[in-house]
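*Asks:* Sharing coords.txt below, compact mmCIF, C-alpha atoms and all ligand atoms:
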# COMPACT_ATOMS: atom_id res chain seq x y z
CA MET A 1 0.00 0.00 0.00
CA THR A 2 1.09 3.57 -0.38
CA VAL A 3 1.10 5.97 2.48
CA GLU A 4 0.93 9.63 1.80
CA ARG A 5 4.16 11.20 2.83
CA LYS A 6 3.84 13.98 5.34
CA HIS A 7 6.49 16.63 5.42
CA SER A 8 8.00 16.88 8.81
CA SER A 9 10.56 19.61 9.34
CA PHE A 10 12.52 17.16 11.46
CA ASP A 11 15.87 16.46 9.76
CA VAL A 12 16.42 12.84 10.71
CA ALA A 13 19.48 12.43 8.46
CA ARG A 14 21.19 15.18 10.43
CA VAL A 15 20.12 13.65 13.72
CA ARG A 16 21.57 10.28 12.71
CA GLU A 17 24.94 11.93 12.14
CA ASP A 18 25.06 12.64 15.87
CA PHE A 19 24.91 8.94 16.78
CA PRO A 20 28.17 7.21 15.84
CA ILE A 21 26.94 3.72 16.75
CA LEU A 22 24.25 3.83 14.06
CA LYS A 23 26.78 3.91 11.24
CA GLN A 24 28.00 0.37 11.64
CA LEU A 25 27.30 -2.80 9.71
CA VAL A 26 26.05 -5.77 11.70
CA TYR A 27 27.69 -9.17 11.06
CA GLY A 28 29.99 -7.26 8.78
CA LYS A 29 27.40 -6.63 6.10
CA LYS A 30 23.97 -5.42 7.19
CA PRO A 31 23.30 -1.80 8.16
CA LEU A 32 22.24 -1.66 11.79
CA VAL A 33 18.51 -1.06 12.22
CA TYR A 34 18.15 -0.35 15.92
CA LEU A 35 14.54 -0.80 17.03
CA ASP A 36 15.08 -1.69 20.68
CA ASN A 37 14.76 1.83 22.03
CA ALA A 38 12.21 1.07 24.72
CA ASN A 39 14.96 -1.06 26.23
CA THR A 40 17.64 1.60 25.98
CA THR A 41 18.47 4.31 23.47
CA GLN A 42 21.77 5.07 21.74
CA LYS A 43 23.88 8.04 22.80
CA PRO A 44 24.70 11.15 20.75
CA ASN A 45 28.24 12.50 20.52
CA ALA A 46 27.19 15.36 22.79
CA VAL A 47 26.71 12.89 25.66
CA ILE A 48 29.82 10.83 24.95
CA ASP A 49 31.92 14.00 24.66
CA ALA A 50 30.58 15.53 27.87
CA ILE A 51 31.60 12.44 29.82
CA HIS A 52 34.99 12.38 28.10
CA THR A 53 35.55 16.04 28.97
CA TYR A 54 34.63 15.43 32.59
CA TYR A 55 37.23 12.69 32.95
CA THR A 56 39.93 14.47 30.98
CA SER A 57 39.58 17.89 32.58
CA TYR A 58 37.67 18.14 35.88
CA ASN A 59 37.14 14.72 37.46
CA SER A 60 36.64 15.23 41.19
CA ASN A 61 34.23 14.28 43.93
CA VAL A 62 31.35 16.68 44.58
CA HIS A 63 30.21 18.49 47.74
CA ARG A 64 33.49 17.54 49.46
CA ALA A 65 36.49 18.74 47.55
CA SER A 66 37.48 22.36 48.22
CA HIS A 67 39.80 22.76 45.28
CA TYR A 68 39.68 23.94 41.68
CA LEU A 69 38.55 20.66 40.12
CA GLY A 70 36.07 20.07 42.93
CA SER A 71 34.35 23.37 42.34
CA LEU A 72 34.08 22.66 38.60
CA ALA A 73 32.59 19.23 39.29
CA ASP A 74 30.23 20.69 41.90
CA HIS A 75 29.07 23.31 39.47
CA ALA A 76 28.48 20.79 36.66
CA TYR A 77 26.64 18.48 39.04
CA GLU A 78 24.20 21.09 40.31
CA GLU A 79 23.87 22.60 36.83
CA GLY A 80 22.74 19.14 35.75
CA ARG A 81 19.99 19.28 38.34
CA ARG A 82 18.83 22.64 36.98
CA LYS A 83 18.67 21.13 33.51
CA VAL A 84 16.45 18.31 34.77
CA GLN A 85 14.30 20.84 36.60
CA GLY A 86 13.87 22.81 33.38
CA PHE A 87 13.27 19.68 31.33
CA LEU A 88 10.39 18.55 33.57
CA ASN A 89 9.34 22.11 34.37
CA ALA A 90 9.52 21.38 38.09
CA ARG A 91 8.73 24.39 40.26
CA TYR A 92 11.69 23.94 42.60
CA PHE A 93 15.29 22.85 42.13
CA GLU A 94 15.14 20.68 45.26
CA GLU A 95 12.30 18.61 43.83
CA ILE A 96 14.83 16.77 41.65
CA VAL A 97 16.42 13.76 43.36
CA TYR A 98 19.11 11.73 41.62
CA VAL A 99 18.75 7.96 41.73
CA ARG A 100 20.18 5.13 39.64
CA ASN A 101 17.14 4.60 37.42
CA ALA A 102 13.36 4.65 37.31
CA THR A 103 13.28 1.45 39.36
CA GLU A 104 15.23 3.03 42.19
CA GLY A 105 13.05 6.14 42.03
CA ILE A 106 9.94 4.05 42.68
CA ASN A 107 11.69 2.05 45.40
CA LEU A 108 12.71 5.27 47.11
CA VAL A 109 9.09 6.43 47.23
CA VAL A 110 7.99 3.03 48.51
CA GLN A 111 10.67 2.84 51.20
CA THR A 112 10.25 6.38 52.51
CA TRP A 113 6.84 7.82 51.67
CA GLY A 114 5.28 4.36 51.60
CA ARG A 115 6.67 3.01 54.86
CA LYS A 116 5.69 6.20 56.60
CA ASN A 117 2.18 6.52 55.22
CA ILE A 118 0.88 3.04 54.41
CA GLN A 119 -0.87 1.05 57.11
CA ALA A 120 -2.70 -2.24 57.40
CA GLY A 121 -5.89 -2.23 55.37
CA ASP A 122 -4.75 0.60 53.07
CA GLU A 123 -4.87 0.16 49.31
CA ILE A 124 -2.49 1.08 46.53
CA LEU A 125 -3.74 1.17 42.94
CA VAL A 126 -1.65 0.26 39.93
CA SER A 127 -2.75 -0.60 36.40
CA ALA A 128 -2.67 -4.00 34.71
CA MET A 129 -0.03 -2.71 32.26
CA GLU A 130 2.65 -1.74 34.77
CA HIS A 131 6.31 -2.60 34.38
CA HIS A 132 7.51 -4.90 37.16
CA ALA A 133 9.30 -1.87 38.63
CA ASN A 134 5.91 -0.39 39.51
CA ILE A 135 4.44 -3.63 40.82
CA VAL A 136 6.99 -5.53 42.87
CA PRO A 137 8.14 -2.72 45.23
CA TRP A 138 4.48 -2.04 46.13
CA GLN A 139 3.83 -5.75 46.64
CA MET A 140 6.77 -5.87 49.04
CA LEU A 141 5.39 -2.91 50.98
CA CYS A 142 1.87 -4.35 51.07
CA GLN A 143 3.23 -7.60 52.41
CA GLU A 144 5.15 -5.80 55.13
CA LYS A 145 2.23 -3.57 56.13
CA GLY A 146 -0.78 -5.77 55.54
CA ALA A 147 -1.97 -3.38 52.83
CA HIS A 148 -3.52 -4.36 49.48
CA LEU A 149 -2.42 -3.82 45.92
CA ARG A 150 -5.43 -3.33 43.65
CA VAL A 151 -5.25 -3.52 39.87
CA ILE A 152 -6.96 -1.15 37.43
CA PRO A 153 -8.07 -3.35 34.51
CA ILE A 154 -7.28 -2.73 30.84
CA ASP A 155 -9.40 -3.60 27.82
CA ASP A 156 -8.55 -5.60 24.68
CA ASN A 157 -6.93 -2.58 23.05
CA GLY A 158 -4.65 -2.12 26.01
CA GLU A 159 -6.44 0.95 27.36
CA ILE A 160 -7.23 1.59 30.99
CA VAL A 161 -10.92 1.13 31.78
CA LEU A 162 -11.68 4.48 33.38
CA GLU A 163 -15.07 3.45 34.80
CA GLU A 164 -13.35 0.62 36.67
CA TYR A 165 -10.68 3.03 37.86
CA ALA A 166 -13.37 5.35 39.19
CA LYS A 167 -14.93 2.45 41.09
CA LEU A 168 -11.60 1.48 42.64
CA LEU A 169 -10.93 4.96 44.03
CA ASN A 170 -12.06 5.04 47.65
CA PRO A 171 -10.88 6.44 50.99
CA ARG A 172 -8.67 3.39 51.68
CA VAL A 173 -6.57 4.15 48.60
CA LYS A 174 -3.40 5.97 49.65
CA LEU A 175 -1.59 6.16 46.32
CA VAL A 176 -2.12 5.57 42.60
CA GLY A 177 0.88 4.43 40.53
CA ILE A 178 0.55 4.44 36.73
CA VAL A 179 2.77 4.15 33.75
CA HIS A 180 2.62 7.27 31.57
CA ILE A 181 3.41 5.36 28.34
CA SER A 182 3.47 1.57 28.45
CA ASN A 183 6.70 -0.13 27.39
CA ALA A 184 4.84 -3.36 26.58
CA LEU A 185 1.88 -1.91 24.64
CA GLY A 186 2.77 1.64 23.72
CA THR A 187 -0.45 2.94 25.29
CA MET A 188 -0.36 6.60 26.27
CA ASN A 189 -2.50 6.68 29.35
CA PRO A 190 -4.95 9.53 30.03
CA VAL A 191 -2.89 10.53 33.05
CA GLU A 192 -4.17 14.11 33.36
CA LYS A 193 -7.69 12.79 33.82
CA MET A 194 -6.55 9.99 36.13
CA ILE A 195 -4.58 12.41 38.29
CA GLU A 196 -7.55 14.74 38.50
CA MET A 197 -9.80 11.89 39.58
CA ALA A 198 -7.34 10.76 42.27
CA HIS A 199 -6.75 14.31 43.52
CA ALA A 200 -10.48 14.85 43.83
CA GLN A 201 -10.24 12.31 46.66
CA GLY A 202 -6.95 13.61 48.01
CA ILE A 203 -4.91 10.66 46.68
CA PRO A 204 -1.37 11.32 45.41
CA VAL A 205 -0.23 9.89 42.06
CA LEU A 206 3.13 8.50 40.99
CA LEU A 207 3.83 8.46 37.26
CA ASP A 208 6.29 6.00 35.79
CA GLY A 209 7.77 8.21 33.07
CA ALA A 210 10.47 5.80 31.87
CA GLN A 211 8.86 5.71 28.41
CA SER A 212 7.33 9.16 28.25
CA ALA A 213 10.29 11.36 29.16
CA TYR A 214 12.10 10.77 25.85
CA HIS A 215 9.07 10.65 23.55
CA ILE A 216 6.86 13.58 24.53
CA PRO A 217 7.21 16.92 26.33
CA VAL A 218 6.62 16.43 30.05
CA ASP A 219 5.49 19.23 32.34
CA VAL A 220 5.08 17.99 35.90
CA GLN A 221 3.33 21.17 37.00
CA GLU A 222 0.77 20.90 34.25
CA LEU A 223 0.30 17.17 34.87
CA ASP A 224 0.16 17.92 38.59
CA CYS A 225 1.58 14.47 39.36
CA ASP A 226 3.02 14.06 42.84
CA PHE A 227 5.94 11.85 41.85
CA PHE A 228 7.53 11.23 38.45
CA VAL A 229 10.42 8.89 37.69
CA PHE A 230 12.57 8.28 34.63
CA SER A 231 15.90 6.66 33.65
CA GLY A 232 18.77 8.50 31.97
CA HIS A 233 19.68 5.59 29.72
CA LYS A 234 16.34 5.71 27.90
CA LEU A 235 16.67 9.46 27.45
CA TYR A 236 19.80 9.12 25.27
CA GLY A 237 21.95 9.49 28.40
CA PRO A 238 24.17 7.14 30.37
CA THR A 239 23.12 4.12 32.43
CA GLY A 240 23.21 4.32 36.21
CA ILE A 241 21.52 7.70 36.50
CA GLY A 242 17.84 8.35 36.94
CA VAL A 243 15.56 10.95 38.43
CA LEU A 244 12.83 11.05 41.02
CA TYR A 245 10.74 14.21 40.90
CA GLY A 246 8.57 14.76 43.94
CA LYS A 247 6.48 17.72 45.02
CA ARG A 248 8.44 19.66 47.61
CA GLU A 249 5.89 19.34 50.38
CA LEU A 250 5.87 15.55 49.95
CA LEU A 251 9.66 15.16 49.78
CA GLU A 252 10.10 17.35 52.85
CA GLU A 253 7.93 15.02 54.90
CA MET A 254 9.74 11.91 53.75
CA PRO A 255 12.35 10.28 56.01
CA PRO A 256 15.71 9.30 54.53
CA TRP A 257 16.21 5.84 53.08
CA MET A 258 19.91 5.13 52.73
CA GLY A 259 22.26 6.60 55.31
CA GLY A 260 25.81 7.78 54.78
CA GLY A 261 27.83 10.74 53.60
CA ASP A 262 26.17 13.78 52.01
CA MET A 263 22.70 12.99 53.39
CA ILE A 264 23.54 14.34 56.86
CA LEU A 265 24.10 17.74 58.45
CA THR A 266 25.80 16.58 61.65
CA VAL A 267 26.73 13.13 62.91
CA SER A 268 27.61 12.03 66.42
CA PHE A 269 27.12 8.77 68.27
CA ASP A 270 24.30 10.45 70.19
CA GLY A 271 22.42 11.10 67.00
CA THR A 272 22.46 12.47 63.50
CA THR A 273 20.63 15.31 61.84
CA TYR A 274 19.67 14.92 58.24
CA ASN A 275 20.38 17.15 55.31
CA ASP A 276 17.70 19.09 53.41
CA ILE A 277 16.04 17.75 50.28
CA PRO A 278 17.21 16.65 47.76
CA TYR A 279 20.53 15.74 49.43
CA ARG A 280 18.79 13.80 52.20
CA PHE A 281 18.05 11.15 49.58
CA GLU A 282 21.48 11.12 47.94
CA ALA A 283 23.76 9.19 50.29
CA GLY A 284 27.32 8.54 49.21
CA THR A 285 29.34 9.66 46.21
CA PRO A 286 26.86 10.10 43.39
CA HIS A 287 27.09 9.11 39.72
CA ILE A 288 28.78 12.35 38.71
CA GLU A 289 29.58 11.37 35.12
CA GLY A 290 25.98 10.16 34.83
CA VAL A 291 24.59 13.51 35.90
CA ILE A 292 26.88 15.30 33.45
CA GLY A 293 25.96 12.92 30.64
CA LEU A 294 22.26 13.27 31.41
CA GLY A 295 22.60 17.06 31.37
CA ALA A 296 24.20 16.84 27.93
CA ALA A 297 21.38 14.57 26.73
CA ILE A 298 18.81 17.08 27.95
CA ASP A 299 20.60 19.94 26.17
CA TYR A 300 20.65 17.84 23.03
CA LEU A 301 16.93 17.01 23.21
CA GLN A 302 15.98 20.59 23.97
CA ALA A 303 17.93 21.78 20.95
CA LEU A 304 15.96 19.34 18.78
CA GLY A 305 12.76 20.23 20.63
CA MET A 306 10.64 17.63 22.39
CA GLU A 307 7.60 18.85 20.44
CA SER A 308 9.36 18.16 17.13
CA ILE A 309 10.56 14.79 18.34
CA ALA A 310 7.05 13.81 19.44
CA GLU A 311 5.59 14.97 16.14
CA TYR A 312 8.19 13.13 14.08
CA GLU A 313 7.82 9.92 16.07
CA ALA A 314 4.03 10.12 15.78
CA GLU A 315 4.38 10.20 11.98
CA LEU A 316 6.71 7.20 12.07
CA MET A 317 4.27 5.43 14.34
CA GLU A 318 1.40 6.05 11.96
CA TYR A 319 3.45 4.85 9.02
CA GLY A 320 4.56 1.71 10.87
CA THR A 321 1.03 0.93 12.01
CA GLN A 322 -0.18 1.07 8.41
CA VAL A 323 2.55 -1.00 6.81
CA LEU A 324 2.57 -3.62 9.55
CA ALA A 325 -1.21 -4.00 9.15
CA ASP A 326 -0.48 -5.31 5.64
CA ILE A 327 1.10 -8.45 7.08
CA PRO A 328 -1.91 -10.73 7.61
CA GLN A 329 -0.18 -13.07 10.08
CA LEU A 330 0.73 -10.17 12.37
CA ARG A 331 -1.34 -9.66 15.50
CA MET A 332 -0.62 -6.35 17.18
CA ILE A 333 -0.74 -6.49 20.97
CA GLY A 334 -1.76 -3.03 22.09
CA THR A 335 -4.01 -1.11 19.73
CA ALA A 336 -4.86 1.90 21.87
CA LYS A 337 -6.03 5.05 20.12
CA ASN A 338 -3.23 7.01 21.73
CA LYS A 339 0.02 5.13 21.30
CA ALA A 340 3.66 6.06 21.22
CA SER A 341 6.61 4.41 19.57
CA VAL A 342 5.99 0.75 20.41
CA PHE A 343 4.95 -2.07 18.07
CA SER A 344 4.41 -5.17 20.15
CA PHE A 345 3.16 -8.16 18.17
CA VAL A 346 3.10 -11.88 17.46
CA LEU A 347 3.46 -13.44 14.01
CA GLY A 348 1.05 -16.36 13.63
CA ASP A 349 2.39 -19.33 15.57
CA ILE A 350 6.00 -18.38 15.09
CA HIS A 351 7.83 -18.08 18.39
CA PRO A 352 8.89 -14.47 19.04
CA GLN A 353 12.41 -15.66 19.80
CA ASP A 354 12.74 -17.22 16.34
CA THR A 355 11.46 -14.01 14.80
CA GLY A 356 13.98 -12.01 16.79
CA MET A 357 16.85 -14.27 15.75
CA ILE A 358 16.06 -14.07 12.06
CA LEU A 359 15.61 -10.29 12.23
CA ASP A 360 18.92 -10.03 14.04
CA ARG A 361 20.70 -11.78 11.16
CA GLU A 362 19.22 -9.06 8.94
CA GLY A 363 20.78 -6.42 11.15
CA ILE A 364 17.47 -5.53 12.82
CA ALA A 365 17.56 -5.26 16.61
CA VAL A 366 14.22 -5.80 18.36
CA ARG A 367 13.36 -7.18 21.74
CA THR A 368 11.53 -10.45 22.21
CA GLY A 369 10.08 -11.65 25.48
CA GLN A 370 7.79 -10.32 28.15
CA HIS A 371 9.23 -6.83 28.49
CA CYS A 372 9.24 -6.88 32.31
CA ALA A 373 5.45 -6.93 32.16
CA HIS A 374 4.33 -10.50 32.80
CA PRO A 375 0.76 -9.45 33.74
CA VAL A 376 0.35 -7.81 30.32
CA MET A 377 1.30 -11.07 28.58
CA GLN A 378 -1.19 -12.93 30.81
CA ARG A 379 -3.89 -10.38 30.00
CA PHE A 380 -3.44 -10.91 26.25
CA LYS A 381 -2.82 -14.67 26.60
CA VAL A 382 0.49 -14.63 24.75
CA PRO A 383 3.72 -16.14 26.07
CA ALA A 384 5.81 -13.28 24.70
CA THR A 385 5.85 -10.69 21.93
CA VAL A 386 8.25 -9.19 19.43
CA ARG A 387 8.70 -5.53 20.21
CA ALA A 388 10.02 -2.93 17.80
CA SER A 389 10.33 0.44 19.49
CA LEU A 390 11.21 3.80 17.99
CA ALA A 391 13.45 6.69 18.83
CA CYS A 392 14.01 10.05 17.17
CA TYR A 393 16.77 8.69 14.88
CA ASN A 394 14.66 5.96 13.28
CA THR A 395 13.39 6.29 9.70
CA ARG A 396 10.66 5.04 7.42
CA GLU A 397 13.31 3.07 5.55
CA GLU A 398 14.08 1.22 8.77
CA ILE A 399 10.42 0.39 9.24
CA ASP A 400 10.42 -0.90 5.65
CA ALA A 401 13.45 -3.03 6.53
CA LEU A 402 11.50 -4.40 9.49
CA THR A 403 8.48 -5.34 7.36
CA GLN A 404 10.75 -6.97 4.75
CA GLY A 405 12.49 -8.85 7.54
CA LEU A 406 9.15 -10.04 8.90
CA ARG A 407 8.12 -11.30 5.47
CA LYS A 408 11.36 -13.25 5.36
CA VAL A 409 10.57 -14.74 8.78
CA ILE A 410 7.15 -15.85 7.50
CA THR A 411 8.61 -17.45 4.38
CA PHE A 412 11.21 -19.20 6.48
CA MET A 413 9.06 -20.38 9.37
CA GLY A 414 5.50 -20.21 8.12
C1 LIG A 501 12.48 0.63 31.44
C2 LIG A 501 11.28 0.86 32.24
C3 LIG A 501 11.33 0.85 33.64
C4 LIG A 501 12.55 0.52 34.42
O1 LIG A 501 13.64 1.28 34.02
P1 LIG A 501 15.07 0.94 34.66
O2 LIG A 501 15.97 1.86 33.93
O3 LIG A 501 15.32 -0.50 34.35
O4 LIG A 501 14.96 1.21 36.10
C5 LIG A 501 10.17 1.12 34.34
N1 LIG A 501 9.04 1.39 33.70
C6 LIG A 501 8.95 1.41 32.35
C7 LIG A 501 7.66 1.76 31.71
C8 LIG A 501 10.06 1.14 31.58
O5 LIG A 501 9.97 1.17 30.26
Show how you would write the structure in this file as structure tokens.
Ligand SMILES: *Cc1c(COP(=O)(O)O)cnc(C)c1O
*Replies:*
Amino acid sequence: MTVERKHSSFDVARVREDFPILKQLVYGKKPLVYLDNANTTQKPNAVIDAIHTYYTSYNSNVHRASHYLGSLADHAYEEGRRKVQGFLNARYFEEIVYVRNATEGINLVVQTWGRKNIQAGDEILVSAMEHHANIVPWQMLCQEKGAHLRVIPIDDNGEIVLEEYAKLLNPRVKLVGIVHISNALGTMNPVEKMIEMAHAQGIPVLLDGAQSAYHIPVDVQELDCDFFVFSGHKLYGPTGIGVLYGKRELLEEMPPWMGGGDMILTVSFDGTTYNDIPYRFEAGTPHIEGVIGLGAAIDYLQALGMESIAEYEAELMEYGTQVLADIPQLRMIGTAKNKASVFSFVLGDIHPQDTGMILDREGIAVRTGQHCAHPVMQRFKVPATVRASLACYNTREEIDALTQGLRKVITFMG
């Protein structure tokens, strides 16, 4: 079929030039088609160079070293926090807490806010499409406290059933945790509405932004979420660095989690006083190169413009949805009206792993498996899916390569 070509102003060829890893041939002969972005994204030169510069010119510990290099590192580290603040449009600098990844961000909320506020008989609501990172920590807390984890159901398209959500909201519910964009289905959840509904009953909301932060503009003040987490490595930045945003009044009431250096004001054997937020939650020497790399990634994305990225990826998504629909054996898992950048599917009876292996020989990197979302697989009664996921450097030609690869798989295995 032919798809009318829209004219996006987004210059993807230029963007690709910024990502050295994309230029290679796989198995010595096939151009790399990287479609595993929901797993982790590739890094632009700007990020790689910023880390290189840190280690070649101002490597030092932060908040401790009173010398020239230390002050440069300190400055870069706190500048990084300002960049994250700007990127999320957080009201206050101290609402940005550095963690290792989205998973640790959620665990921090569970271990501090959760342990303080959750009691026996309380309920926590999560959706049926959550990543394990937004299920297991809450299960652990519920087990410890005698609280209950309740699940907001999803329909056959992979959309949250809002009427069921409304029914689940009640005075026993102490927190709602939802994924902003699902890594397993691509669903963009109606989080503004869901937050409004929770707030109407005084219930705070945590958003898992691991998939949204690099696909769409995020404004935490506009969303009015109470917590928001994301991982640097999915945002074109380094691994080992992530962010927890929390509203100031919530963070201020939260006790520390890990103890050690930097999170204290004074320490004696009679007792210790804790540092202010955000430092109270950042014990020990932090991931300084990670913060610097993440800052560079944010600068890079802001120069491209998150609006432009979202628009470009939406066009790619539409194109991919149309051309993949031409493969009769393909069953898309996740057909929500509002979707972003994820094609999760099964091909007839062919095992996703076989599909992934054959695609890999063609130079096409996808993920096969359960995408850290076992309940989603159970909901759709599939053992696993093939997932192709997009980033801002992907092209229509790469989607064509994917569809050609899938036709090859069918010929081979079908
Ligand atoms: C990747 C992902 C996570 C976990 O991210 P980590 O970097 O592994 O902590 C959580 N939620 C969603 C939706 C994800 O895609």
*Asks:* Rounded to one decimal, what separation in Å do you get between atom CA of A:Glu159 and atom CA of A:Arg379?
*Replies:*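 Taking atom CA of A:Glu159 as the start and atom CA of A:Arg379 as the end point, the length is 11.9 Å.
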*Asks:* Report, in Å with one decimal, the straight-line distance from atom CA of A:Asp400 to atom CA of A:Tyr319.
*Replies:*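 One can read the atom CA of A:Asp400 to atom CA of A:Tyr319 distance as 9.6 Å.
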*Asks:* Please provide the set of residues having any atom within 10 Å of stretch 190-194 of chain A, restricted to only C-alpha atoms, with same-chain residues fewer than 4 positions apart removed, written as a list in words.
*Replies:*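 After dropping sequence-adjacent residues, the list is Glu159, Ile160, Leu162, Tyr165, Ala166, Val176, Ile178, Val179, His180, Ile181, Ala198, His199, Ala200, Val205, Leu207, Glu222, Leu223, Asp224, Cys225 and Asn338 of chain A.
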*Asks:* Using all atoms listed in the file, can you tell me which of A:Ile21, A:Leu244, A:Val366, A:Ile410 comes closest to A:Arg81?
*Replies:* A:Leu244
*Asks:* Which protein, DNA or RNA residues have an atom within 9 Å of ligand LIG 501 (chain A), counting all atoms listed in the file, as a PyMOL selection string?
*Replies:* chain A and resi 38-40+100-106+129-134+179-184+208-212+229-234+239-242+371-373
*Asks:* With only C-alpha atoms as the atoms that count, which of A:Gln85, A:Thr385, A:Thr411, A:Asn170 lies nearest to A:Asp219?
*Replies:*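 Going through A:Gln85, A:Thr385, A:Thr411, A:Asn170 one by one, the smallest distance to A:Asp219 is for A:Gln85.
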